[in-house]
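Undergrad: Contents of upload-v6.tsv (TSV, N, CA and C atoms) are given next:
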```tsv
chain	number	residue	atom	x	y	z
N	1105	MET	N	28.78	27.45	-24.18
N	1105	MET	CA	28.06	26.20	-23.96
N	1105	MET	C	26.75	26.45	-23.22
N	1106	ASN	N	26.79	27.26	-22.16
N	1106	ASN	CA	25.60	27.45	-21.35
N	1106	ASN	C	24.47	28.11	-22.14
N	1107	ASN	N	24.78	29.10	-22.97
N	1107	ASN	CA	23.74	29.75	-23.76
N	1107	ASN	C	23.17	28.81	-24.82
N	1108	VAL	N	24.00	27.96	-25.39
N	1108	VAL	CA	23.54	27.01	-26.39
N	1108	VAL	C	22.56	26.02	-25.76
N	1109	LEU	N	22.90	25.46	-24.62
N	1109	LEU	CA	22.03	24.52	-23.93
N	1109	LEU	C	20.72	25.19	-23.52
N	1110	LEU	N	20.81	26.38	-22.98
N	1110	LEU	CA	19.59	27.12	-22.63
N	1110	LEU	C	18.70	27.32	-23.85
N	1111	ASP	N	19.29	27.78	-24.93
N	1111	ASP	CA	18.52	28.03	-26.15
N	1111	ASP	C	17.90	26.75	-26.69
N	1112	GLN	N	18.62	25.64	-26.63
N	1112	GLN	CA	18.09	24.36	-27.10
N	1112	GLN	C	16.88	23.93	-26.28
N	1113	LEU	N	16.97	24.08	-24.97
N	1113	LEU	CA	15.85	23.68	-24.12
N	1113	LEU	C	14.65	24.61	-24.29
N	1114	VAL	N	14.90	25.89	-24.44
N	1114	VAL	CA	13.80	26.83	-24.67
N	1114	VAL	C	13.11	26.48	-26.00
N	1115	THR	N	13.89	26.19	-27.02
N	1115	THR	CA	13.33	25.81	-28.32
N	1115	THR	C	12.51	24.53	-28.21
N	1116	LYS	N	13.06	23.53	-27.51
N	1116	LYS	CA	12.36	22.24	-27.36
N	1116	LYS	C	11.01	22.41	-26.67
N	1117	HIS	N	10.90	23.38	-25.77
N	1117	HIS	CA	9.69	23.54	-24.97
N	1117	HIS	C	8.87	24.77	-25.36
N	1118	ARG	N	9.13	25.31	-26.53
N	1118	ARG	CA	8.47	26.55	-26.95
N	1118	ARG	C	6.95	26.41	-27.07
N	1119	CYS	N	6.46	25.18	-27.24
N	1119	CYS	CA	5.00	25.02	-27.36
N	1119	CYS	C	4.29	25.43	-26.08
N	1120	LEU	N	4.98	25.40	-24.94
N	1120	LEU	CA	4.35	25.85	-23.70
N	1120	LEU	C	3.94	27.32	-23.81
N	1121	VAL	N	4.76	28.10	-24.49
N	1121	VAL	CA	4.47	29.52	-24.70
N	1121	VAL	C	3.54	29.70	-25.89
N	1122	GLU	N	3.92	29.11	-27.02
N	1122	GLU	CA	3.21	29.36	-28.26
N	1122	GLU	C	1.83	28.72	-28.32
N	1123	LYS	N	1.71	27.51	-27.82
N	1123	LYS	CA	0.45	26.77	-27.93
N	1123	LYS	C	-0.42	26.88	-26.68
N	1124	PHE	N	0.23	26.94	-25.50
N	1124	PHE	CA	-0.54	26.86	-24.26
N	1124	PHE	C	-0.55	28.16	-23.46
N	1125	GLY	N	0.15	29.19	-23.91
N	1125	GLY	CA	0.07	30.51	-23.28
N	1125	GLY	C	0.83	30.68	-21.98
N	1126	PHE	N	1.82	29.85	-21.72
N	1126	PHE	CA	2.65	30.01	-20.54
N	1126	PHE	C	3.63	31.16	-20.75
N	1127	ASP	N	4.12	31.71	-19.65
N	1127	ASP	CA	5.21	32.68	-19.68
N	1127	ASP	C	6.47	31.97	-19.21
N	1128	LEU	N	7.59	32.24	-19.88
N	1128	LEU	CA	8.88	31.72	-19.42
N	1128	LEU	C	9.35	32.68	-18.34
N	1129	GLU	N	9.25	32.24	-17.10
N	1129	GLU	CA	9.53	33.09	-15.95
N	1129	GLU	C	10.98	33.02	-15.49
N	1130	VAL	N	11.59	31.84	-15.59
N	1130	VAL	CA	12.97	31.64	-15.14
N	1130	VAL	C	13.73	30.89	-16.23
N	1131	LYS	N	14.92	31.37	-16.51
N	1131	LYS	CA	15.80	30.74	-17.51
N	1131	LYS	C	17.22	30.90	-16.98
N	1132	LYS	N	17.74	29.84	-16.34
N	1132	LYS	CA	19.05	29.95	-15.69
N	1132	LYS	C	19.94	28.76	-16.03
N	1133	TRP	N	21.21	29.07	-16.07
N	1133	TRP	CA	22.26	28.07	-16.21
N	1133	TRP	C	23.12	28.13	-14.96
N	1134	PHE	N	23.45	26.95	-14.43
N	1134	PHE	CA	24.29	26.86	-13.23
N	1134	PHE	C	25.55	26.06	-13.58
N	1135	PRO	N	26.72	26.52	-13.19
N	1135	PRO	CA	27.96	25.84	-13.58
N	1135	PRO	C	28.27	24.59	-12.76
N	1136	TYR	N	27.53	24.32	-11.72
N	1136	TYR	CA	27.85	23.22	-10.81
N	1136	TYR	C	27.69	21.86	-11.46
N	1137	PHE	N	28.58	20.94	-11.08
N	1137	PHE	CA	28.54	19.53	-11.52
N	1137	PHE	C	28.49	19.41	-13.04
N	1138	GLY	N	29.27	20.18	-13.72
N	1138	GLY	CA	29.32	20.10	-15.17
N	1138	GLY	C	28.28	20.95	-15.88
N	1139	GLY	N	27.48	21.66	-15.14
N	1139	GLY	CA	26.48	22.54	-15.72
N	1139	GLY	C	25.08	21.96	-15.64
N	1140	SER	N	24.15	22.80	-15.30
N	1140	SER	CA	22.75	22.41	-15.28
N	1140	SER	C	21.90	23.61	-15.67
N	1141	VAL	N	20.67	23.32	-16.06
N	1141	VAL	CA	19.77	24.35	-16.55
N	1141	VAL	C	18.44	24.24	-15.80
N	1142	CYS	N	17.81	25.38	-15.58
N	1142	CYS	CA	16.48	25.43	-14.98
N	1142	CYS	C	15.61	26.37	-15.80
N	1143	LEU	N	14.47	25.87	-16.23
N	1143	LEU	CA	13.46	26.68	-16.90
N	1143	LEU	C	12.17	26.57	-16.09
N	1144	LYS	N	11.51	27.68	-15.90
N	1144	LYS	CA	10.25	27.67	-15.17
N	1144	LYS	C	9.22	28.42	-15.98
N	1145	TYR	N	8.15	27.71	-16.32
N	1145	TYR	CA	7.06	28.27	-17.09
N	1145	TYR	C	5.84	28.40	-16.17
N	1146	ARG	N	5.07	29.47	-16.35
N	1146	ARG	CA	3.91	29.69	-15.48
N	1146	ARG	C	2.72	30.17	-16.30
N	1147	SER	N	1.55	29.61	-15.96
N	1147	SER	CA	0.28	30.12	-16.45
N	1147	SER	C	-0.55	30.49	-15.23
N	1148	ASP	N	-1.82	30.81	-15.41
N	1148	ASP	CA	-2.65	31.22	-14.27
N	1148	ASP	C	-2.79	30.14	-13.21
N	1149	SER	N	-2.94	28.89	-13.63
N	1149	SER	CA	-3.20	27.84	-12.64
N	1149	SER	C	-2.15	26.74	-12.63
N	1150	LEU	N	-1.09	26.91	-13.40
N	1150	LEU	CA	-0.14	25.81	-13.54
N	1150	LEU	C	1.27	26.33	-13.76
N	1151	SER	N	2.24	25.62	-13.20
N	1151	SER	CA	3.65	25.91	-13.45
N	1151	SER	C	4.34	24.63	-13.89
N	1152	VAL	N	5.31	24.76	-14.75
N	1152	VAL	CA	6.11	23.62	-15.20
N	1152	VAL	C	7.57	23.97	-14.96
N	1153	LEU	N	8.26	23.10	-14.24
N	1153	LEU	CA	9.67	23.26	-13.94
N	1153	LEU	C	10.44	22.22	-14.75
N	1154	ILE	N	11.40	22.69	-15.52
N	1154	ILE	CA	12.21	21.81	-16.36
N	1154	ILE	C	13.65	21.99	-15.92
N	1155	THR	N	14.29	20.89	-15.56
N	1155	THR	CA	15.69	20.93	-15.16
N	1155	THR	C	16.48	19.98	-16.03
N	1156	LYS	N	17.72	20.36	-16.29
N	1156	LYS	CA	18.62	19.53	-17.09
N	1156	LYS	C	19.94	19.49	-16.37
N	1157	GLY	N	20.39	18.30	-16.07
N	1157	GLY	CA	21.67	18.10	-15.41
N	1157	GLY	C	22.30	16.82	-15.93
N	1158	GLN	N	23.21	16.28	-15.16
N	1158	GLN	CA	23.90	15.06	-15.56
N	1158	GLN	C	22.97	13.87	-15.73
N	1159	ASP	N	21.87	13.86	-14.99
N	1159	ASP	CA	20.93	12.74	-15.05
N	1159	ASP	C	19.90	12.87	-16.15
N	1160	GLY	N	19.97	13.91	-16.94
N	1160	GLY	CA	19.01	14.11	-18.01
N	1160	GLY	C	18.05	15.24	-17.69
N	1161	ILE	N	16.93	15.24	-18.40
N	1161	ILE	CA	15.92	16.27	-18.23
N	1161	ILE	C	14.86	15.78	-17.25
N	1162	GLY	N	14.51	16.65	-16.31
N	1162	GLY	CA	13.46	16.33	-15.34
N	1162	GLY	C	12.32	17.33	-15.46
N	1163	TYR	N	11.11	16.84	-15.22
N	1163	TYR	CA	9.92	17.68	-15.31
N	1163	TYR	C	9.12	17.56	-14.01
N	1164	ASP	N	8.68	18.70	-13.52
N	1164	ASP	CA	7.80	18.76	-12.37
N	1164	ASP	C	6.71	19.79	-12.66
N	1165	VAL	N	5.55	19.58	-12.05
N	1165	VAL	CA	4.42	20.48	-12.26
N	1165	VAL	C	3.96	21.01	-10.91
N	1166	GLY	N	3.59	22.27	-10.88
N	1166	GLY	CA	3.09	22.91	-9.67
N	1166	GLY	C	1.81	23.66	-9.95
N	1167	ASN	N	1.28	24.29	-8.92
N	1167	ASN	CA	-0.05	24.89	-8.99
N	1167	ASN	C	-0.11	26.28	-9.63
N	1168	GLY	N	0.99	26.89	-9.96
N	1168	GLY	CA	0.97	28.21	-10.59
N	1168	GLY	C	0.98	29.37	-9.62
N	1169	ASP	N	0.90	29.08	-8.33
N	1169	ASP	CA	0.90	30.14	-7.31
N	1169	ASP	C	2.30	30.21	-6.71
N	1170	SER	N	3.04	31.25	-7.07
N	1170	SER	CA	4.44	31.33	-6.62
N	1170	SER	C	4.55	31.46	-5.10
N	1171	ALA	N	3.52	31.94	-4.43
N	1171	ALA	CA	3.57	32.07	-2.98
N	1171	ALA	C	3.40	30.72	-2.26
N	1172	LYS	N	2.70	29.77	-2.91
N	1172	LYS	CA	2.43	28.48	-2.27
N	1172	LYS	C	2.81	27.32	-3.19
N	1173	GLU	N	3.82	27.52	-3.96
N	1173	GLU	CA	4.17	26.54	-4.98
N	1173	GLU	C	4.83	25.31	-4.38
N	1174	TYR	N	4.36	24.17	-4.80
N	1174	TYR	CA	4.96	22.89	-4.45
N	1174	TYR	C	4.99	22.07	-5.72
N	1175	TRP	N	6.08	21.37	-5.95
N	1175	TRP	CA	6.27	20.67	-7.22
N	1175	TRP	C	5.95	19.19	-7.10
N	1176	TYR	N	5.35	18.64	-8.15
N	1176	TYR	CA	4.98	17.23	-8.20
N	1176	TYR	C	5.60	16.59	-9.43
N	1177	SER	N	6.16	15.41	-9.24
N	1177	SER	CA	6.79	14.70	-10.35
N	1177	SER	C	5.72	14.09	-11.26
N	1178	ILE	N	6.10	13.83	-12.47
N	1178	ILE	CA	5.17	13.31	-13.47
N	1178	ILE	C	4.63	11.94	-13.07
N	1179	ASP	N	5.46	11.09	-12.45
N	1179	ASP	CA	4.96	9.77	-12.07
N	1179	ASP	C	3.85	9.87	-11.02
N	1180	ILE	N	3.94	10.84	-10.12
N	1180	ILE	CA	2.89	11.05	-9.13
N	1180	ILE	C	1.61	11.55	-9.81
N	1181	LEU	N	1.75	12.48	-10.73
N	1181	LEU	CA	0.58	12.99	-11.47
N	1181	LEU	C	-0.05	11.90	-12.32
N	1182	TRP	N	0.76	11.05	-12.93
N	1182	TRP	CA	0.25	9.94	-13.72
N	1182	TRP	C	-0.57	9.00	-12.84
N	1183	ASN	N	-0.07	8.69	-11.64
N	1183	ASN	CA	-0.82	7.84	-10.72
N	1183	ASN	C	-2.16	8.47	-10.35
N	1184	TYR	N	-2.17	9.76	-10.14
N	1184	TYR	CA	-3.41	10.47	-9.81
N	1184	TYR	C	-4.39	10.37	-10.97
N	1185	LEU	N	-3.92	10.60	-12.18
N	1185	LEU	CA	-4.77	10.52	-13.36
N	1185	LEU	C	-5.34	9.11	-13.52
N	1186	GLN	N	-4.55	8.08	-13.21
N	1186	GLN	CA	-4.99	6.70	-13.32
N	1186	GLN	C	-5.97	6.31	-12.22
N	1187	GLY	N	-6.08	7.12	-11.18
N	1187	GLY	CA	-6.97	6.81	-10.06
N	1187	GLY	C	-6.39	5.77	-9.11
N	1188	ASN	N	-5.07	5.62	-9.12
N	1188	ASN	CA	-4.42	4.64	-8.26
N	1188	ASN	C	-4.51	5.07	-6.80
N	1189	GLU	N	-4.94	4.15	-5.95
N	1189	GLU	CA	-4.98	4.41	-4.50
N	1189	GLU	C	-3.58	4.31	-3.91
N	1190	GLU	N	-2.80	3.38	-4.42
N	1190	GLU	CA	-1.41	3.18	-4.01
N	1190	GLU	C	-0.52	3.46	-5.23
N	1191	TYR	N	0.67	3.93	-4.95
N	1191	TYR	CA	1.62	4.27	-6.02
N	1191	TYR	C	1.97	3.04	-6.84
N	1192	LYS	N	1.96	3.20	-8.14
N	1192	LYS	CA	2.42	2.17	-9.08
N	1192	LYS	C	3.49	2.81	-9.95
N	1193	LYS	N	4.49	2.03	-10.27
N	1193	LYS	CA	5.58	2.55	-11.08
N	1193	LYS	C	5.06	2.83	-12.50
N	1194	MET	N	5.38	4.00	-12.97
N	1194	MET	CA	4.97	4.43	-14.30
N	1194	MET	C	5.89	3.77	-15.33
N	1195	LYS	N	5.29	3.26	-16.40
N	1195	LYS	CA	6.11	2.71	-17.48
N	1195	LYS	C	6.92	3.84	-18.10
N	1196	PRO	N	8.09	3.50	-18.62
N	1196	PRO	CA	8.89	4.55	-19.26
N	1196	PRO	C	8.03	5.32	-20.27
N	1197	ASN	N	8.07	6.62	-20.13
N	1197	ASN	CA	7.21	7.47	-20.93
N	1197	ASN	C	7.94	8.77	-21.22
N	1198	HIS	N	7.45	9.45	-22.15
N	1198	HIS	CA	7.99	10.78	-22.43
N	1198	HIS	C	7.25	11.76	-21.53
N	1199	GLU	N	7.94	12.25	-20.51
N	1199	GLU	CA	7.29	13.09	-19.51
N	1199	GLU	C	6.73	14.38	-20.10
N	1200	PHE	N	7.47	14.99	-21.02
N	1200	PHE	CA	6.97	16.22	-21.61
N	1200	PHE	C	5.72	15.95	-22.44
N	1201	ASP	N	5.68	14.81	-23.11
N	1201	ASP	CA	4.47	14.44	-23.85
N	1201	ASP	C	3.28	14.31	-22.90
N	1202	PHE	N	3.52	13.72	-21.72
N	1202	PHE	CA	2.45	13.61	-20.73
N	1202	PHE	C	1.91	14.99	-20.38
N	1203	ILE	N	2.81	15.93	-20.14
N	1203	ILE	CA	2.39	17.28	-19.78
N	1203	ILE	C	1.55	17.90	-20.90
N	1204	THR	N	2.04	17.85	-22.12
N	1204	THR	CA	1.32	18.50	-23.22
N	1204	THR	C	0.01	17.79	-23.55
N	1205	GLU	N	-0.01	16.46	-23.43
N	1205	GLU	CA	-1.24	15.72	-23.70
N	1205	GLU	C	-2.28	15.90	-22.61
N	1206	GLN	N	-1.83	16.16	-21.39
N	1206	GLN	CA	-2.74	16.28	-20.25
N	1206	GLN	C	-2.84	17.72	-19.73
N	1207	ILE	N	-2.45	18.70	-20.52
N	1207	ILE	CA	-2.39	20.08	-20.05
N	1207	ILE	C	-3.75	20.59	-19.57
N	1208	GLU	N	-4.81	20.22	-20.25
N	1208	GLU	CA	-6.14	20.66	-19.83
N	1208	GLU	C	-6.50	20.03	-18.48
N	1209	TRP	N	-6.27	18.74	-18.35
N	1209	TRP	CA	-6.54	18.05	-17.08
N	1209	TRP	C	-5.69	18.64	-15.96
N	1210	LEU	N	-4.42	18.87	-16.22
N	1210	LEU	CA	-3.54	19.45	-15.20
N	1210	LEU	C	-4.04	20.82	-14.75
N	1211	GLY	N	-4.44	21.65	-15.69
N	1211	GLY	CA	-4.98	22.96	-15.34
N	1211	GLY	C	-6.23	22.85	-14.49
N	1212	GLU	N	-7.05	21.85	-14.79
N	1212	GLU	CA	-8.29	21.65	-14.02
N	1212	GLU	C	-7.99	21.19	-12.60
N	1213	VAL	N	-7.11	20.19	-12.45
N	1213	VAL	CA	-6.86	19.66	-11.10
N	1213	VAL	C	-6.10	20.65	-10.22
N	1214	PHE	N	-5.35	21.57	-10.83
N	1214	PHE	CA	-4.64	22.58	-10.05
N	1214	PHE	C	-5.40	23.91	-9.97
N	1215	SER	N	-6.61	23.95	-10.51
N	1215	SER	CA	-7.41	25.18	-10.41
N	1215	SER	C	-7.72	25.46	-8.95
N	1216	SER	N	-8.05	26.69	-8.63
N	1216	SER	CA	-8.29	27.05	-7.23
N	1216	SER	C	-9.42	26.22	-6.62
N	1217	ALA	N	-10.40	25.83	-7.42
N	1217	ALA	CA	-11.51	25.03	-6.90
N	1217	ALA	C	-11.08	23.61	-6.52
N	1218	ASN	N	-10.07	23.08	-7.17
N	1218	ASN	CA	-9.65	21.69	-6.95
N	1218	ASN	C	-8.29	21.54	-6.28
N	1219	GLN	N	-7.59	22.64	-6.11
N	1219	GLN	CA	-6.19	22.59	-5.68
N	1219	GLN	C	-5.99	21.87	-4.35
N	1220	ALA	N	-6.77	22.17	-3.34
N	1220	ALA	CA	-6.58	21.57	-2.01
N	1220	ALA	C	-6.78	20.06	-2.06
N	1221	GLU	N	-7.85	19.62	-2.72
N	1221	GLU	CA	-8.11	18.18	-2.84
N	1221	GLU	C	-7.01	17.50	-3.65
N	1222	THR	N	-6.60	18.12	-4.75
N	1222	THR	CA	-5.55	17.56	-5.60
N	1222	THR	C	-4.25	17.40	-4.81
N	1223	GLU	N	-3.83	18.44	-4.12
N	1223	GLU	CA	-2.56	18.39	-3.41
N	1223	GLU	C	-2.60	17.40	-2.26
N	1224	ALA	N	-3.74	17.24	-1.60
N	1224	ALA	CA	-3.85	16.23	-0.55
N	1224	ALA	C	-3.69	14.83	-1.13
N	1225	ARG	N	-4.32	14.58	-2.26
N	1225	ARG	CA	-4.22	13.26	-2.90
N	1225	ARG	C	-2.80	13.01	-3.43
N	1226	LEU	N	-2.18	14.02	-4.00
N	1226	LEU	CA	-0.81	13.87	-4.49
N	1226	LEU	C	0.15	13.60	-3.34
N	1227	HIS	N	-0.07	14.23	-2.21
N	1227	HIS	CA	0.76	13.98	-1.03
N	1227	HIS	C	0.62	12.52	-0.58
N	1228	GLU	N	-0.59	11.99	-0.58
N	1228	GLU	CA	-0.81	10.58	-0.23
N	1228	GLU	C	-0.05	9.66	-1.18
N	1229	LEU	N	-0.08	9.98	-2.46
N	1229	LEU	CA	0.65	9.17	-3.44
N	1229	LEU	C	2.16	9.28	-3.24
N	1230	GLU	N	2.64	10.45	-2.85
N	1230	GLU	CA	4.07	10.60	-2.56
N	1230	GLU	C	4.47	9.74	-1.36
N	1231	LEU	N	3.63	9.70	-0.34
N	1231	LEU	CA	3.90	8.85	0.82
N	1231	LEU	C	3.90	7.38	0.43
N	1232	SER	N	2.95	7.00	-0.42
N	1232	SER	CA	2.88	5.62	-0.89
N	1232	SER	C	4.13	5.25	-1.68
N	1233	ARG	N	4.59	6.17	-2.52
N	1233	ARG	CA	5.82	5.93	-3.29
N	1233	ARG	C	7.01	5.77	-2.35
N	1234	SER	N	7.10	6.61	-1.33
N	1234	SER	CA	8.20	6.51	-0.37
N	1234	SER	C	8.19	5.17	0.35
N	1235	ARG	N	7.01	4.71	0.76
N	1235	ARG	CA	6.92	3.41	1.43
N	1235	ARG	C	7.37	2.29	0.49
N	1236	MET	N	6.98	2.38	-0.78
N	1236	MET	CA	7.33	1.35	-1.75
N	1236	MET	C	8.85	1.35	-2.00
N	1237	LEU	N	9.43	2.52	-2.13
N	1237	LEU	CA	10.85	2.61	-2.47
N	1237	LEU	C	11.77	2.40	-1.27
N	1238	PHE	N	11.34	2.86	-0.10
N	1238	PHE	CA	12.24	2.86	1.05
N	1238	PHE	C	11.76	2.03	2.24
N	1239	GLY	N	10.58	1.45	2.12
N	1239	GLY	CA	10.06	0.58	3.19
N	1239	GLY	C	9.37	1.27	4.30
```
Would you kindly transcribe this structure into structure tokens?
TA:
Amino acid sequence: MNNVLLDQLVTKHRCLVEKFGFDLEVKKWFPYFGGSVCLKYRSDSLSVLITKGQDGIGYDVGNGDSAKEYWYSIDILWNYLQGNEEYKKMKPNHEFDFITEQIEWLGEVFSSANQAETEARLHELELSRSRMLFG
């Protein structure tokens, strides 16, 4: 079962390697809680973390620097792209489609020239989301 699920997820996300030049750096299956999967793709300026567990598939994006990597959820990145000062709930969307459609923009905002400004703004949006969700 674990190899089948891993292979299915790698196949589903193969465009990251074939079309966008990412390397599949991590491919793991964990037996906990009925089984979960972790895939980690990396390019020069961008990383994509894909997890699959009981709650479905999750996507996070990071800066591509394994020494200083911090992951951001797609809803936070969507808010940044929209120019929102305060967090707004993202309409249901296909998160992987967002990544592939915005791959050039993501690479630009996580480039070394923009990384510090991007991460500061994303942190502000995360704080705004926390205030909205938890008061």
Undergrad: List the residues sitting within 9 Å of (-0.4, 26.4, -13.8) in the file's frame, using only C-alpha atoms, as a VMD selection string.
TA: chain N and resid 1126 1145 to 1152 1165 to 1169 1210 to 1211 1214 to 1215
Undergrad: From the list N:Glu1221, N:Glu1228, N:Glu1173, N:Asp1164, which residue is nearest Tyr1191 of chain N when using all atoms listed in the file?
TA: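 Closest candidate: N:Glu1228.
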Undergrad: Take atom N of Leu1143 of chain N and atom C of Glu1230 of chain N and report the distance between them in Å, one decimal.
TA: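 So the two atoms, atom N of Leu1143 of chain N and atom C of Glu1230 of chain N, lie 24.1 Å apart.
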Undergrad: From a DSSP pass on the backbone, collect the residues of chain N flagged as strand (DSSP E) and hand them back as an NGL selection string.
TA: :N and (1127-1134 or 1140-1146 or 1151-1157 or 1160-1166 or 1176-1177)
Undergrad: Given the choices N:Tyr1174, N:Leu1229, N:Ser1216, N:Tyr1163, which gets closest to Lys1192 of chain N if the distance is worked out from only N, CA and C atoms?
TA: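 Among the listed residues, N:Leu1229 lies closest to Lys1192 of chain N.
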Undergrad: Please tabulate, as a tab-separated table, the residues of segment 1153-1187 of chain N that come within 8 Å of segment 1131-1139 of chain N, each with its closest pair of atoms and the distance in Å to one decimal, counting all atoms listed in the file and ordering rows by chain, then residue number upward.
TA:
```
residue	atom	partner	partner_atom	distance
N:Lys1156	C	N:Gly1139	C	5.7
N:Gly1157	CA	N:Gly1139	C	5.2
N:Gln1158	N	N:Gly1139	C	6.0
```
